[in-house]
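Asker: First the structure, then my questions, so here it is.
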Amino acid sequence: MDQGLYSKSVKLILENQSAWGSYVASPAFPTYQFCWLR
């Protein structure tokens, strides 16, 4: 696996994760702005 892609993916998840562990389904896609995954 591409280390750059892996690192960016982990960074994106951690930056958008709530204190309770859920995160936005797709932070860059406005349609999913209010969709959270747990």
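Residues in the structure tokens are numbered from 1 in each chain, the chains being A, B, ... in the order shown, and ligands are numbered from 1 in the order shown.
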As a list in words, please: every residue in chain A that a backbone DSSP assignment puts in strand (DSSP E).
Answerer: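 Answer for chain A restricted to strand (DSSP E) is Tyr23, Val24, Trp36 and Leu37 of chain A.
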Asker: Would you output that residue set with C-alpha atoms, as a tab-separated table (two decimals), in the first residue's frame?
Answerer:
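Contents of selection-v6.tsv, freshly written:
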chain	number	residue	atom	x	y	z
A	23	TYR	CA	-16.61	10.79	12.00
A	24	VAL	CA	-18.11	12.54	8.98
A	36	TRP	CA	-21.88	10.56	10.54
A	37	LEU	CA	-20.51	7.04	10.90
Asker: Got a sec: who's within 9 Å of A:Pro27, counting only C-alpha atoms, leaving out chain neighbours fewer than 4 positions off, as a ChimeraX atom specification?
Answerer: /A:12,16,23,32-33
Asker: To one decimal in Å, tell me the separation between atom CA of A:Gln3 and atom CA of A:Cys35.
Answerer: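 It comes out at 27.8 Å.
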Asker: Provide the atom CA of A:Gly4 to atom CA of A:Pro30 distance in Å, to one decimal place.
Answerer: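 Here the two named atoms are 24.9 Å from each other.
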Asker: How far is it from atom CA of A:Leu5 to atom CA of A:Ala25, in Å with one decimal?
Answerer: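 Between these atoms lies a distance of 17.8 Å.
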Asker: Run DSSP on the backbone and give me the residues of chain A it puts in alpha helix (DSSP H), as number ranges by chain.
Answerer: A: 3-16
